[in-house]
>>> print(open('protein06.txt').read())   # compact mmCIF, C-alpha atoms
# COMPACT_ATOMS: atom_id res chain seq x y z
CA MET B 27 7.96 -29.27 -8.63
CA LYS B 28 8.17 -32.04 -6.06
CA ARG B 29 9.10 -31.54 -2.40
CA ALA B 30 12.14 -33.78 -2.88
CA PHE B 31 13.51 -31.48 -5.58
CA ARG B 32 13.36 -28.50 -3.26
CA ASN B 33 14.98 -30.42 -0.40
CA LEU B 34 17.82 -31.48 -2.69
CA LEU B 35 18.32 -27.93 -3.92
CA LEU B 36 18.47 -26.58 -0.36
CA THR B 37 20.79 -29.21 1.15
CA ALA B 38 23.96 -27.27 0.40
CA SER B 39 22.66 -24.18 2.17
CA VAL B 40 21.59 -25.69 5.50
CA VAL B 41 24.72 -24.62 7.35
CA SER B 42 24.67 -21.05 6.07
CA LEU B 43 20.97 -20.68 6.88
CA ALA B 44 21.49 -21.94 10.42
CA ALA B 45 24.18 -19.34 10.91
CA THR B 46 21.74 -16.55 10.08
CA SER B 47 19.09 -17.64 12.59
CA VAL B 48 18.40 -15.29 15.46
CA ALA B 49 20.14 -16.66 18.53
CA GLY B 50 17.65 -17.76 21.17
CA ALA B 51 14.65 -16.63 19.11
CA GLU B 52 11.31 -18.19 19.96
CA PRO B 53 9.40 -20.33 17.46
CA VAL B 54 6.65 -18.49 15.59
CA SER B 55 3.13 -19.73 14.98
CA VAL B 56 0.47 -17.56 13.34
CA THR B 57 -2.84 -18.09 11.58
CA ASP B 58 -2.73 -16.59 8.12
CA MET B 59 -5.63 -14.86 6.40
CA MET B 60 -6.92 -18.11 4.90
CA ASP B 61 -7.09 -19.66 8.39
CA ARG B 62 -3.98 -21.77 7.82
CA THR B 63 -1.42 -22.31 10.58
CA VAL B 64 2.05 -21.04 9.65
CA GLU B 65 4.90 -22.22 11.85
CA LEU B 66 8.56 -21.19 11.86
CA GLU B 67 11.40 -22.31 14.11
CA ASN B 68 12.54 -18.67 14.30
CA PRO B 69 11.16 -15.34 13.07
CA ALA B 70 11.42 -15.22 9.28
CA SER B 71 14.77 -13.92 8.11
CA ARG B 72 14.62 -14.76 4.37
CA ILE B 73 11.32 -13.69 2.82
CA THR B 74 10.13 -13.88 -0.76
CA MET B 75 7.21 -11.47 -1.06
CA ILE B 76 4.92 -11.88 -4.06
CA PRO B 77 2.02 -9.47 -3.24
CA ILE B 78 3.16 -6.03 -4.37
CA PRO B 79 2.00 -3.65 -1.58
CA SER B 80 3.12 -5.81 1.35
CA THR B 81 6.80 -5.63 0.44
CA SER B 82 6.98 -2.09 1.83
CA THR B 83 5.01 -3.26 4.88
CA VAL B 84 7.79 -5.72 5.76
CA ILE B 85 10.33 -2.91 5.35
CA ALA B 86 8.29 -0.68 7.67
CA LEU B 87 7.85 -3.38 10.30
CA ASP B 88 11.55 -4.27 10.28
CA GLY B 89 13.00 -0.84 9.51
CA SER B 90 15.20 -2.45 6.86
CA THR B 91 15.27 -4.52 3.69
CA GLU B 92 17.50 -7.20 5.22
CA ARG B 93 14.85 -9.91 5.42
CA LEU B 94 13.75 -9.59 1.79
CA VAL B 95 15.43 -11.94 -0.67
CA GLY B 96 12.86 -11.69 -3.47
CA MET B 97 10.02 -9.41 -4.48
CA HIS B 98 7.56 -8.76 -7.30
CA PRO B 99 9.00 -6.67 -10.19
CA LEU B 100 6.34 -3.99 -9.68
CA ALA B 101 7.09 -3.83 -5.96
CA LYS B 102 10.75 -3.33 -6.79
CA SER B 103 10.03 -0.50 -9.21
CA ALA B 104 7.72 1.17 -6.66
CA ILE B 105 10.52 1.03 -4.08
CA THR B 106 13.55 1.91 -6.19
CA GLU B 107 11.84 4.75 -8.05
CA ALA B 108 10.40 6.45 -4.94
CA ILE B 109 11.56 7.45 -1.48
CA LEU B 110 12.30 3.96 -0.18
CA GLY B 111 14.89 3.66 -2.91
CA ALA B 112 16.66 6.68 -1.43
CA PHE B 113 16.33 5.34 2.11
CA PHE B 114 17.39 1.81 1.17
CA PRO B 115 19.54 1.93 -1.99
CA GLU B 116 20.45 -1.72 -1.43
CA ALA B 117 16.90 -2.64 -2.47
CA LYS B 118 18.01 -2.41 -6.09
CA ASP B 119 20.08 -5.56 -5.55
CA ILE B 120 17.16 -7.69 -4.31
CA THR B 121 16.02 -9.98 -7.08
CA SER B 122 12.61 -9.59 -8.66
CA ASP B 123 12.98 -12.53 -11.05
CA ILE B 124 10.48 -14.69 -9.16
CA LEU B 125 7.55 -14.96 -11.58
CA ALA B 126 6.88 -17.81 -13.98
CA GLY B 127 8.31 -17.25 -17.43
CA GLY B 128 10.24 -14.20 -16.30
CA ALA B 129 7.02 -12.18 -16.30
CA SER B 130 6.83 -8.64 -14.94
CA THR B 131 3.13 -8.84 -14.08
CA GLY B 132 0.84 -11.46 -12.61
CA PHE B 133 1.52 -13.65 -9.58
CA ALA B 134 2.30 -17.15 -10.87
CA PRO B 135 5.55 -18.09 -9.10
CA ASN B 136 8.76 -19.39 -10.62
CA VAL B 137 9.31 -22.17 -8.11
CA GLU B 138 12.87 -22.96 -9.18
CA ALA B 139 13.92 -19.31 -8.97
CA ILE B 140 12.33 -18.94 -5.54
CA ALA B 141 13.95 -22.15 -4.30
CA ALA B 142 17.35 -20.78 -5.31
CA LEU B 143 16.77 -17.89 -2.89
CA ASN B 144 16.46 -20.29 0.07
CA PRO B 145 13.51 -18.48 1.66
CA ASP B 146 12.22 -19.53 5.06
CA LEU B 147 8.91 -17.81 4.23
CA VAL B 148 7.04 -17.09 1.00
CA VAL B 149 4.06 -14.73 1.11
CA GLN B 150 1.41 -15.08 -1.59
CA TRP B 151 -2.13 -13.90 -2.33
CA GLY B 152 -4.80 -16.09 -0.77
CA HIS B 153 -7.77 -15.11 -2.92
CA MET B 154 -6.36 -16.19 -6.27
CA ALA B 155 -6.61 -19.51 -8.07
CA ASP B 156 -4.68 -22.44 -6.66
CA ASP B 157 -2.25 -22.26 -9.58
CA VAL B 158 -0.44 -19.41 -7.79
CA VAL B 159 -0.48 -21.06 -4.35
CA GLY B 160 -0.33 -24.78 -5.11
CA PRO B 161 3.14 -24.74 -6.70
CA LEU B 162 4.55 -23.13 -3.55
CA THR B 163 2.95 -25.46 -1.03
CA ASN B 164 3.60 -28.51 -3.22
CA ALA B 165 7.28 -27.59 -3.30
CA GLY B 166 7.37 -27.52 0.49
CA PHE B 167 7.80 -23.79 1.04
CA THR B 168 6.44 -22.36 4.26
CA THR B 169 3.80 -20.14 2.71
CA SER B 170 1.63 -17.49 4.34
CA LEU B 171 -1.42 -16.19 2.48
CA ILE B 172 -2.89 -12.71 2.64
CA LEU B 173 -6.15 -11.06 1.62
CA TYR B 174 -6.48 -7.42 0.67
CA GLY B 175 -8.97 -4.63 0.29
CA ASP B 176 -10.37 -3.11 3.47
CA GLU B 177 -9.15 -1.67 6.77
CA ALA B 178 -9.72 -4.86 8.73
CA LYS B 179 -7.61 -6.80 6.24
CA ALA B 180 -4.92 -4.08 6.26
CA ARG B 181 -4.61 -4.47 10.03
CA ALA B 182 -4.55 -8.25 9.72
CA ILE B 183 -1.71 -8.06 7.17
CA ILE B 184 0.33 -5.80 9.44
CA SER B 185 -0.29 -8.07 12.42
CA MET B 186 0.49 -11.29 10.55
CA LEU B 187 3.68 -10.04 8.93
CA GLY B 188 4.88 -8.32 12.09
CA ASN B 189 4.48 -11.48 14.12
CA LEU B 190 6.11 -13.63 11.43
CA ILE B 191 9.26 -11.50 11.64
CA GLY B 192 9.18 -11.21 15.42
CA LYS B 193 8.12 -7.56 15.66
CA PRO B 194 4.86 -7.60 17.67
CA GLU B 195 5.72 -4.30 19.37
CA LYS B 196 5.92 -2.57 16.00
CA VAL B 197 2.53 -3.99 15.11
CA ASP B 198 1.06 -2.52 18.30
CA GLU B 199 2.59 0.89 17.52
CA ILE B 200 1.20 1.02 13.98
CA ILE B 201 -2.28 -0.20 14.97
CA ALA B 202 -2.45 2.34 17.80
CA TRP B 203 -1.55 5.08 15.29
CA ARG B 204 -4.40 3.98 13.04
CA ASP B 205 -6.85 3.99 15.95
CA GLU B 206 -5.75 7.40 17.17
CA THR B 207 -5.80 9.02 13.72
CA ALA B 208 -9.22 7.64 12.81
CA ALA B 209 -10.66 8.79 16.14
CA LYS B 210 -9.30 12.33 15.67
CA ILE B 211 -10.74 12.62 12.19
CA GLU B 212 -14.11 11.22 13.22
CA ALA B 213 -14.32 13.72 16.07
CA ALA B 214 -13.31 16.63 13.84
CA VAL B 215 -16.00 15.99 11.22
CA ALA B 216 -18.70 14.52 13.46
CA ASP B 217 -20.91 17.62 13.31
CA VAL B 218 -20.76 18.05 9.52
CA PRO B 219 -24.25 17.41 8.09
CA ASP B 220 -24.39 14.89 5.25
CA ALA B 221 -25.63 17.60 2.89
CA GLU B 222 -22.44 19.62 3.52
CA LYS B 223 -20.03 16.77 2.95
CA PRO B 224 -18.21 17.16 -0.39
CA SER B 225 -18.83 14.45 -2.98
CA VAL B 226 -15.54 12.78 -3.86
CA LEU B 227 -14.68 10.63 -6.86
CA TYR B 228 -11.63 8.37 -6.87
CA LEU B 229 -10.49 7.22 -10.31
CA LEU B 230 -8.47 4.02 -10.24
CA ARG B 231 -7.84 4.52 -13.95
CA ALA B 232 -8.05 7.72 -15.96
CA GLN B 233 -5.82 7.22 -19.01
CA SER B 234 -6.60 4.11 -21.03
CA GLU B 235 -10.06 4.02 -19.49
CA LEU B 236 -12.09 5.62 -16.71
CA ARG B 237 -12.61 3.35 -13.70
CA ALA B 238 -14.22 4.54 -10.47
CA SER B 239 -14.23 3.15 -6.93
CA GLY B 240 -17.68 2.51 -5.56
CA THR B 241 -19.10 1.19 -2.32
CA GLY B 242 -17.02 -1.49 -0.63
CA SER B 243 -13.67 -0.23 -1.92
CA TYR B 244 -10.91 1.03 0.38
CA ASN B 245 -11.21 4.44 -1.27
CA ASP B 246 -14.87 4.49 -0.25
CA TYR B 247 -13.78 3.77 3.33
CA TYR B 248 -11.44 6.71 3.66
CA ILE B 249 -13.64 9.10 1.68
CA ASN B 250 -16.34 8.56 4.27
CA LEU B 251 -13.89 8.61 7.19
CA ALA B 252 -12.53 11.98 6.02
CA GLY B 253 -15.98 13.54 5.96
CA GLY B 254 -16.85 13.10 2.30
CA ARG B 255 -19.49 11.30 0.26
CA ASN B 256 -18.47 8.86 -2.42
CA ALA B 257 -19.74 10.25 -5.73
CA ALA B 258 -19.68 6.70 -7.15
CA ALA B 259 -21.51 5.11 -4.22
CA GLU B 260 -24.10 3.60 -6.57
CA LEU B 261 -21.37 1.33 -7.95
CA ASP B 262 -20.30 -1.88 -6.25
CA GLY B 263 -16.52 -2.03 -6.09
CA LEU B 264 -14.33 -0.91 -8.98
CA LYS B 265 -16.20 -0.36 -12.23
CA PRO B 266 -15.62 1.24 -15.65
CA VAL B 267 -17.47 4.52 -16.18
CA ASN B 268 -17.62 7.18 -18.89
CA ALA B 269 -17.18 10.93 -18.81
CA GLU B 270 -20.91 11.55 -19.12
CA GLN B 271 -21.59 9.48 -15.99
CA ILE B 272 -18.97 11.46 -14.08
CA ALA B 273 -20.50 14.70 -15.31
CA ALA B 274 -23.89 13.53 -14.04
CA TRP B 275 -22.40 12.81 -10.63
CA ASN B 276 -20.65 16.21 -10.79
CA PRO B 277 -18.20 15.51 -7.94
CA ASP B 278 -16.84 18.31 -5.78
CA VAL B 279 -13.43 16.62 -5.54
CA ILE B 280 -11.66 14.22 -7.91
CA LEU B 281 -8.78 12.04 -6.73
CA LEU B 282 -6.50 10.60 -9.42
CA ASN B 283 -4.73 7.31 -8.83
CA GLY B 284 -1.02 7.05 -8.18
CA PHE B 285 -0.61 3.90 -10.29
CA GLU B 286 -0.59 5.50 -13.75
CA SER B 287 2.79 7.19 -13.73
CA GLU B 288 2.07 9.58 -16.60
CA LEU B 289 -1.32 10.66 -15.28
CA ASP B 290 -1.56 14.37 -14.51
CA VAL B 291 -4.35 16.59 -13.16
CA SER B 292 -4.50 18.19 -16.60
CA ARG B 293 -6.30 15.00 -17.67
CA ILE B 294 -9.36 16.38 -15.90
CA TYR B 295 -8.85 20.10 -16.40
CA ASP B 296 -8.32 19.78 -20.16
CA ASP B 297 -11.17 17.35 -20.80
CA PRO B 298 -14.16 19.04 -22.49
CA VAL B 299 -16.61 17.13 -20.28
CA LEU B 300 -14.73 16.52 -17.04
CA GLY B 301 -13.30 20.03 -17.08
CA ALA B 302 -16.81 21.38 -16.43
CA THR B 303 -17.35 19.42 -13.18
CA ASN B 304 -17.46 21.20 -9.83
CA ALA B 305 -14.12 19.60 -8.96
CA ALA B 306 -12.37 21.07 -11.98
CA VAL B 307 -14.01 24.49 -11.76
CA SER B 308 -13.10 24.84 -8.07
CA LYS B 309 -9.56 23.46 -8.57
CA ARG B 310 -10.15 20.43 -6.37
CA VAL B 311 -8.48 17.78 -8.52
CA TYR B 312 -5.52 16.03 -6.86
CA LYS B 313 -3.24 13.14 -7.66
CA MET B 314 -2.73 10.72 -4.77
CA PRO B 315 0.65 11.02 -3.01
CA ILE B 316 3.29 8.30 -3.09
CA GLY B 317 5.58 7.60 -0.16
CA GLY B 318 6.82 4.24 1.08
CA TYR B 319 3.97 3.00 -1.07
CA ARG B 320 1.18 4.63 -3.03
CA TRP B 321 -1.35 6.23 -0.72
CA ASP B 322 -4.36 4.96 -2.69
CA PRO B 323 -4.68 1.41 -1.29
CA PRO B 324 -4.35 0.27 2.33
CA SER B 325 -0.80 0.18 3.66
CA GLN B 326 1.28 0.91 6.73
CA GLU B 327 1.04 4.62 5.81
CA SER B 328 -2.76 4.84 5.52
CA PRO B 329 -3.20 7.26 8.47
CA LEU B 330 -1.27 9.81 6.40
CA THR B 331 -3.74 9.30 3.53
CA TRP B 332 -6.63 9.89 5.90
CA GLN B 333 -5.06 13.08 7.27
CA TRP B 334 -4.29 14.35 3.79
CA LEU B 335 -7.81 13.85 2.51
CA ALA B 336 -9.57 15.12 5.65
CA THR B 337 -7.50 18.30 5.43
CA LEU B 338 -8.49 18.80 1.78
CA LEU B 339 -12.18 18.17 2.43
CA HIS B 340 -12.47 20.15 5.67
CA PRO B 341 -9.52 22.54 6.01
CA GLU B 342 -11.46 24.65 8.49
CA LYS B 343 -12.00 21.70 10.86
CA VAL B 344 -8.93 19.50 10.52
CA GLU B 345 -5.59 20.71 11.84
CA PHE B 346 -3.03 18.00 11.18
CA ASP B 347 0.58 18.99 10.65
CA LEU B 348 0.90 16.55 7.77
CA ARG B 349 4.50 17.37 6.92
CA GLY B 350 5.44 16.94 10.57
CA GLN B 351 3.55 13.65 10.70
CA ILE B 352 5.37 12.40 7.60
CA GLY B 353 8.73 13.28 9.13
CA ASP B 354 7.88 11.74 12.48
CA TRP B 355 6.34 8.54 11.19
CA TYR B 356 8.87 7.91 8.45
CA GLY B 357 11.45 8.00 11.22
CA LYS B 358 9.45 5.40 13.15
CA LEU B 359 8.60 3.23 10.16
CA TYR B 360 11.76 3.39 8.11
CA GLY B 361 14.40 4.88 10.38
CA HIS B 362 14.89 7.84 8.03
CA THR B 363 13.57 11.40 8.10
CA PRO B 364 12.72 12.79 4.65
CA SER B 365 14.07 16.14 3.53
CA THR B 366 11.87 19.11 2.61
CA GLU B 367 12.31 18.23 -1.05
CA GLN B 368 11.42 14.60 -0.44
CA ILE B 369 8.21 15.54 1.39
CA ASP B 370 7.36 17.84 -1.53
CA ALA B 371 7.77 14.86 -3.86
CA ILE B 372 5.66 12.59 -1.65
CA LEU B 373 2.82 15.12 -1.66
CA ARG B 374 3.31 15.90 -5.37
CA MET B 375 3.56 19.60 -4.57
CA GLU B 376 4.62 20.48 -8.11
CA MET B 377 1.49 18.93 -9.60
CA ASN B 378 -1.03 19.47 -6.81
CA GLY B 379 0.28 22.74 -5.40
CA ALA B 380 -2.13 24.98 -7.33
CA GLY B 381 -5.14 23.02 -6.10
CA ALA B 382 -7.58 24.49 -3.60
CA SER B 383 -6.37 24.30 0.03
CA TYR B 384 -3.10 22.65 -1.02
CA GLU B 385 -1.11 25.56 0.38
CA ARG B 386 -1.73 23.92 3.76
CA PHE B 387 0.89 21.33 2.79
CA ALA B 388 3.60 23.75 1.65
CA ALA B 389 6.88 23.94 3.53
CA ARG B 390 7.07 26.82 6.01
>>> encode(input="protein06.txt", output="C-alpha cells")
Amino acid sequence: MKRAFRNLLLTASVVSLAATSVAGAEPVSVTDMMDRTVELENPASRITMIPIPSTSTVIALDGSTERLVGMHPLAKSAITEAILGAFFPEAKDITSDILAGGASTGFAPNVEAIAALNPDLVVQWGHMADDVVGPLTNAGFTTSLILYGDEAKARAIISMLGNLIGKPEKVDEIIAWRDETAAKIEAAVADVPDAEKPSVLYLLRAQSELRASGTGSYNDYYINLAGGRNAAAELDGLKPVNAEQIAAWNPDVILLNGFESELDVSRIYDDPVLGATNAAVSKRVYKMPIGGYRWDPPSQESPLTWQWLATLLHPEKVEFDLRGQIGDWYGKLYGHTPSTEQIDAILRMEMNGAGASYERFAAR
C-alpha cells in the first residue's frame, strides 16, 4: 500500500491523536536492533506489536495495556488465558486482527487493518524476509525492528521498548534485577565441579515431535547459568531428535516446554524409552512455568526462570524465596500482586508438585 493511502486514511484522526499526546513530552530517538534510527515526536502511545513475546514486555514496562492498540493473535491468547488476563481484563478488547488474510499464525502484516488502528509505532521482527517489514515501511508507519534469542538481545529489546515509551527508569530497574540475580546464582554454584553439574535437557517440542535445544539457544544459556550441563550440547540450536538419542544422553533433568498446552510430564514418565532415563526415574521432569509470559524464552521475567531452575538443580546451594520474588516483582512489573492460587498456577504446582525438590515452591 502506498504512503499516500495511509496518509489519507489517517487524516480524520489527526485531532484525536494530538489530544492523546503526552503534554510536554520530549521527542524520542532510538536505534533499533537492525541499526535503524527510530524517531517519535513523543513517547509511543499507540503501539501495534507483531512479535509475540514482546507484547507482555510493553505491558511490564508501562504497567498497563493502555498503549497497545493491536497485537498478534497468539500474544493475545497467551495474555488472556494466563495471569495477565486476570490483571488486565481489558486486554481481551485489544484487536488481534492484524495479520494478512486474517491469519492466526505467521507475521505478514495486514497493512489496512493496522492503518485503521492509527498506531504511532509498529514493532516487527527484524530477522525475517522483507515481505513482513517492507509493507509497513512502504506504508509510512514508524517501524521499530527487534531481534530475539539470547540474553544480550533480551536486554536490548527491554531497553529499546522502554525508551520508545518513555520509561528509561523502568529499563534500569529491570536490567539491574537481571544483573543482581545472575550474579547471585553464579556465586552460589561457582564451586560446583563440572562433573557434579546435572545434565539438563530442554524439549521445545514433545508431542508432535521431539525437538531439543542445543548450544547457542537461550535454554542453553540459563541451563549453564543455573549450574547445569546441557544434555543436547552437541546440537547447534534447536534440532529434531528421537527417543533413542535422548536415552543415550540420559539426562538427569528434563524440562518440557510451555508452548504445547496439552503437554504433561506424563509424556516422559509413560514413554517406554524416555521413562527409563535418569530424569524420569528420579522424578526430575518439570514443565516450564507460565506467568506474564512463558518462562522458556527470554522475557522481562527471565530472572524468575533462572531462580526456579537453579533451585531445582542445586536446592542445597540456592536459597531464593521464589514465591516471594514472584509477588514482589509482579507488583513492580505489572502493578498487581498474585494470590497464592495464582502463584500455584504460574509454577504449575498441580503438575510439577510431585517432582523432586518441588516442595521448595509450595505455599507455606
>>> atom_distance(input="protein06.txt", atom1="CA of Pro298 in chain B", atom2="CA of Ile249 in chain B")
26.1 Å
>>> atom_distance(input="protein06.txt", atom1="CA of Ala238 in chain B", atom2="CA of Met154 in chain B")
22.6 Å
>>> residues_around(input="protein06.txt", residues="Val56 in chain B", least_positions_apart="6", cutoff="7 Å", atoms="all atoms listed in the file", output="JSON, numbers by chain")
{"B": [63, 64, 65, 186]}
>>> write_last_selection(input="protein06.txt", atoms="C-alpha atoms", output="compact mmCIF listing (two decimals), keeping the file's coordinate frame")
# COMPACT_ATOMS: atom_id res chain seq x y z
CA THR B 63 -1.42 -22.31 10.58
CA VAL B 64 2.05 -21.04 9.65
CA GLU B 65 4.90 -22.22 11.85
CA MET B 186 0.49 -11.29 10.55
>>> residues_around(input="protein06.txt", residues="Ile183 in chain B", least_positions_apart="4", cutoff="8 Å", atoms="only C-alpha atoms", output="VMD selection string")
chain B and resid 59 80 172 to 173 179 187
>>> residues_around(input="protein06.txt", residues="Leu251 in chain B", least_positions_apart="4", cutoff="12 Å", atoms="all atoms listed in the file", output="ChimeraX atom specification")
/B:177,207-216,218,223,226,244-247,255-256,328-329,331-337,339-340
>>> closest_residue(input="protein06.txt", among="B:Asn189, B:Ser292, B:Ser103, B:Thr83", to="Gly318 in chain B", atoms="all atoms listed in the file")
B:Thr83
>>> residues_near_point(input="protein06.txt", point="(7.3, -15.1, -5.4)", cutoff="12 Å", atoms="all atoms listed in the file", output="short mmCIF file (atom, residue, chain, number, x, y, z; two decimals) with C-alpha atoms, in the frame of the given file")
data_model
loop_
_atom_site.label_atom_id
_atom_site.label_comp_id
_atom_site.auth_asym_id
_atom_site.auth_seq_id
_atom_site.Cartn_x
_atom_site.Cartn_y
_atom_site.Cartn_z
CA ILE B 73 11.32 -13.69 2.82
CA THR B 74 10.13 -13.88 -0.76
CA MET B 75 7.21 -11.47 -1.06
CA ILE B 76 4.92 -11.88 -4.06
CA PRO B 77 2.02 -9.47 -3.24
CA ILE B 78 3.16 -6.03 -4.37
CA THR B 81 6.80 -5.63 0.44
CA LEU B 94 13.75 -9.59 1.79
CA VAL B 95 15.43 -11.94 -0.67
CA GLY B 96 12.86 -11.69 -3.47
CA MET B 97 10.02 -9.41 -4.48
CA HIS B 98 7.56 -8.76 -7.30
CA PRO B 99 9.00 -6.67 -10.19
CA LEU B 100 6.34 -3.99 -9.68
CA ALA B 101 7.09 -3.83 -5.96
CA THR B 121 16.02 -9.98 -7.08
CA SER B 122 12.61 -9.59 -8.66
CA ASP B 123 12.98 -12.53 -11.05
CA ILE B 124 10.48 -14.69 -9.16
CA LEU B 125 7.55 -14.96 -11.58
CA ALA B 126 6.88 -17.81 -13.98
CA GLY B 128 10.24 -14.20 -16.30
CA ALA B 129 7.02 -12.18 -16.30
CA SER B 130 6.83 -8.64 -14.94
CA THR B 131 3.13 -8.84 -14.08
CA GLY B 132 0.84 -11.46 -12.61
CA PHE B 133 1.52 -13.65 -9.58
CA ALA B 134 2.30 -17.15 -10.87
CA PRO B 135 5.55 -18.09 -9.10
CA ASN B 136 8.76 -19.39 -10.62
CA VAL B 137 9.31 -22.17 -8.11
CA GLU B 138 12.87 -22.96 -9.18
CA ALA B 139 13.92 -19.31 -8.97
CA ILE B 140 12.33 -18.94 -5.54
CA ALA B 141 13.95 -22.15 -4.30
CA ALA B 142 17.35 -20.78 -5.31
CA LEU B 143 16.77 -17.89 -2.89
CA ASN B 144 16.46 -20.29 0.07
CA PRO B 145 13.51 -18.48 1.66
CA LEU B 147 8.91 -17.81 4.23
CA VAL B 148 7.04 -17.09 1.00
CA VAL B 149 4.06 -14.73 1.11
CA GLN B 150 1.41 -15.08 -1.59
CA TRP B 151 -2.13 -13.90 -2.33
CA VAL B 158 -0.44 -19.41 -7.79
CA VAL B 159 -0.48 -21.06 -4.35
CA PRO B 161 3.14 -24.74 -6.70
CA LEU B 162 4.55 -23.13 -3.55
CA PHE B 167 7.80 -23.79 1.04
CA THR B 169 3.80 -20.14 2.71
CA SER B 170 1.63 -17.49 4.34
CA LEU B 171 -1.42 -16.19 2.48
#
>>> atom_distance(input="protein06.txt", atom1="CA of Ser225 in chain B", atom2="CA of Tyr319 in chain B")
25.6 Å
>>> residues_around(input="protein06.txt", residues="Glu367 in chain B", least_positions_apart="3", cutoff="12 Å", atoms="all atoms listed in the file", output="JSON, numbers by chain")
{"B": [109, 349, 353, 363, 364, 370, 371, 372, 373, 374, 375, 376, 388, 389]}
>>> closest_residue(input="protein06.txt", among="B:Tyr356, B:Glu52, B:Phe114, B:Leu87", to="Glu199 in chain B", atoms="only C-alpha atoms")
B:Leu87
>>> closest_residue(input="protein06.txt", among="B:Pro266, B:Asp157, B:Gly317, B:Ile272", to="Thr106 in chain B", atoms="all atoms listed in the file")
B:Gly317
>>> closest_residue(input="protein06.txt", among="B:Ala273, B:Ala257, B:Val311, B:Leu110", to="Tyr360 in chain B", atoms="all atoms listed in the file")
B:Leu110
>>> residues_around(input="protein06.txt", residues="Gly192 in chain B", least_positions_apart="3", cutoff="12 Å", atoms="only C-alpha atoms", output="number ranges by chain")
B: 48, 51-56, 66-71, 84, 87-88, 93, 184-189, 195-197
>>> write_last_selection(input="protein06.txt", atoms="C-alpha atoms", output="PDB file, in the coordinates of the input")
ATOM      1  CA  VAL B  48      18.400 -15.290  15.460  1.00  0.00           C
ATOM      2  CA  ALA B  51      14.650 -16.630  19.110  1.00  0.00           C
ATOM      3  CA  GLU B  52      11.310 -18.190  19.960  1.00  0.00           C
ATOM      4  CA  PRO B  53       9.400 -20.330  17.460  1.00  0.00           C
ATOM      5  CA  VAL B  54       6.650 -18.490  15.590  1.00  0.00           C
ATOM      6  CA  SER B  55       3.130 -19.730  14.980  1.00  0.00           C
ATOM      7  CA  VAL B  56       0.470 -17.560  13.340  1.00  0.00           C
ATOM      8  CA  LEU B  66       8.560 -21.190  11.860  1.00  0.00           C
ATOM      9  CA  GLU B  67      11.400 -22.310  14.110  1.00  0.00           C
ATOM     10  CA  ASN B  68      12.540 -18.670  14.300  1.00  0.00           C
ATOM     11  CA  PRO B  69      11.160 -15.340  13.070  1.00  0.00           C
ATOM     12  CA  ALA B  70      11.420 -15.220   9.280  1.00  0.00           C
ATOM     13  CA  SER B  71      14.770 -13.920   8.110  1.00  0.00           C
ATOM     14  CA  VAL B  84       7.790  -5.720   5.760  1.00  0.00           C
ATOM     15  CA  LEU B  87       7.850  -3.380  10.300  1.00  0.00           C
ATOM     16  CA  ASP B  88      11.550  -4.270  10.280  1.00  0.00           C
ATOM     17  CA  ARG B  93      14.850  -9.910   5.420  1.00  0.00           C
ATOM     18  CA  ILE B 184       0.330  -5.800   9.440  1.00  0.00           C
ATOM     19  CA  SER B 185      -0.290  -8.070  12.420  1.00  0.00           C
ATOM     20  CA  MET B 186       0.490 -11.290  10.550  1.00  0.00           C
ATOM     21  CA  LEU B 187       3.680 -10.040   8.930  1.00  0.00           C
ATOM     22  CA  GLY B 188       4.880  -8.320  12.090  1.00  0.00           C
ATOM     23  CA  ASN B 189       4.480 -11.480  14.120  1.00  0.00           C
ATOM     24  CA  GLU B 195       5.720  -4.300  19.370  1.00  0.00           C
ATOM     25  CA  LYS B 196       5.920  -2.570  16.000  1.00  0.00           C
ATOM     26  CA  VAL B 197       2.530  -3.990  15.110  1.00  0.00           C
TER      27      VAL B 197
END
>>> closest_residue(input="protein06.txt", among="B:Leu289, B:Ile201, B:Met377, B:Leu236", to="Asn268 in chain B", atoms="all atoms listed in the file")
B:Leu236
>>> closest_residue(input="protein06.txt", among="B:Leu348, B:Leu227, B:Ala232, B:Leu282", to="Ala258 in chain B", atoms="all atoms listed in the file")
B:Leu227
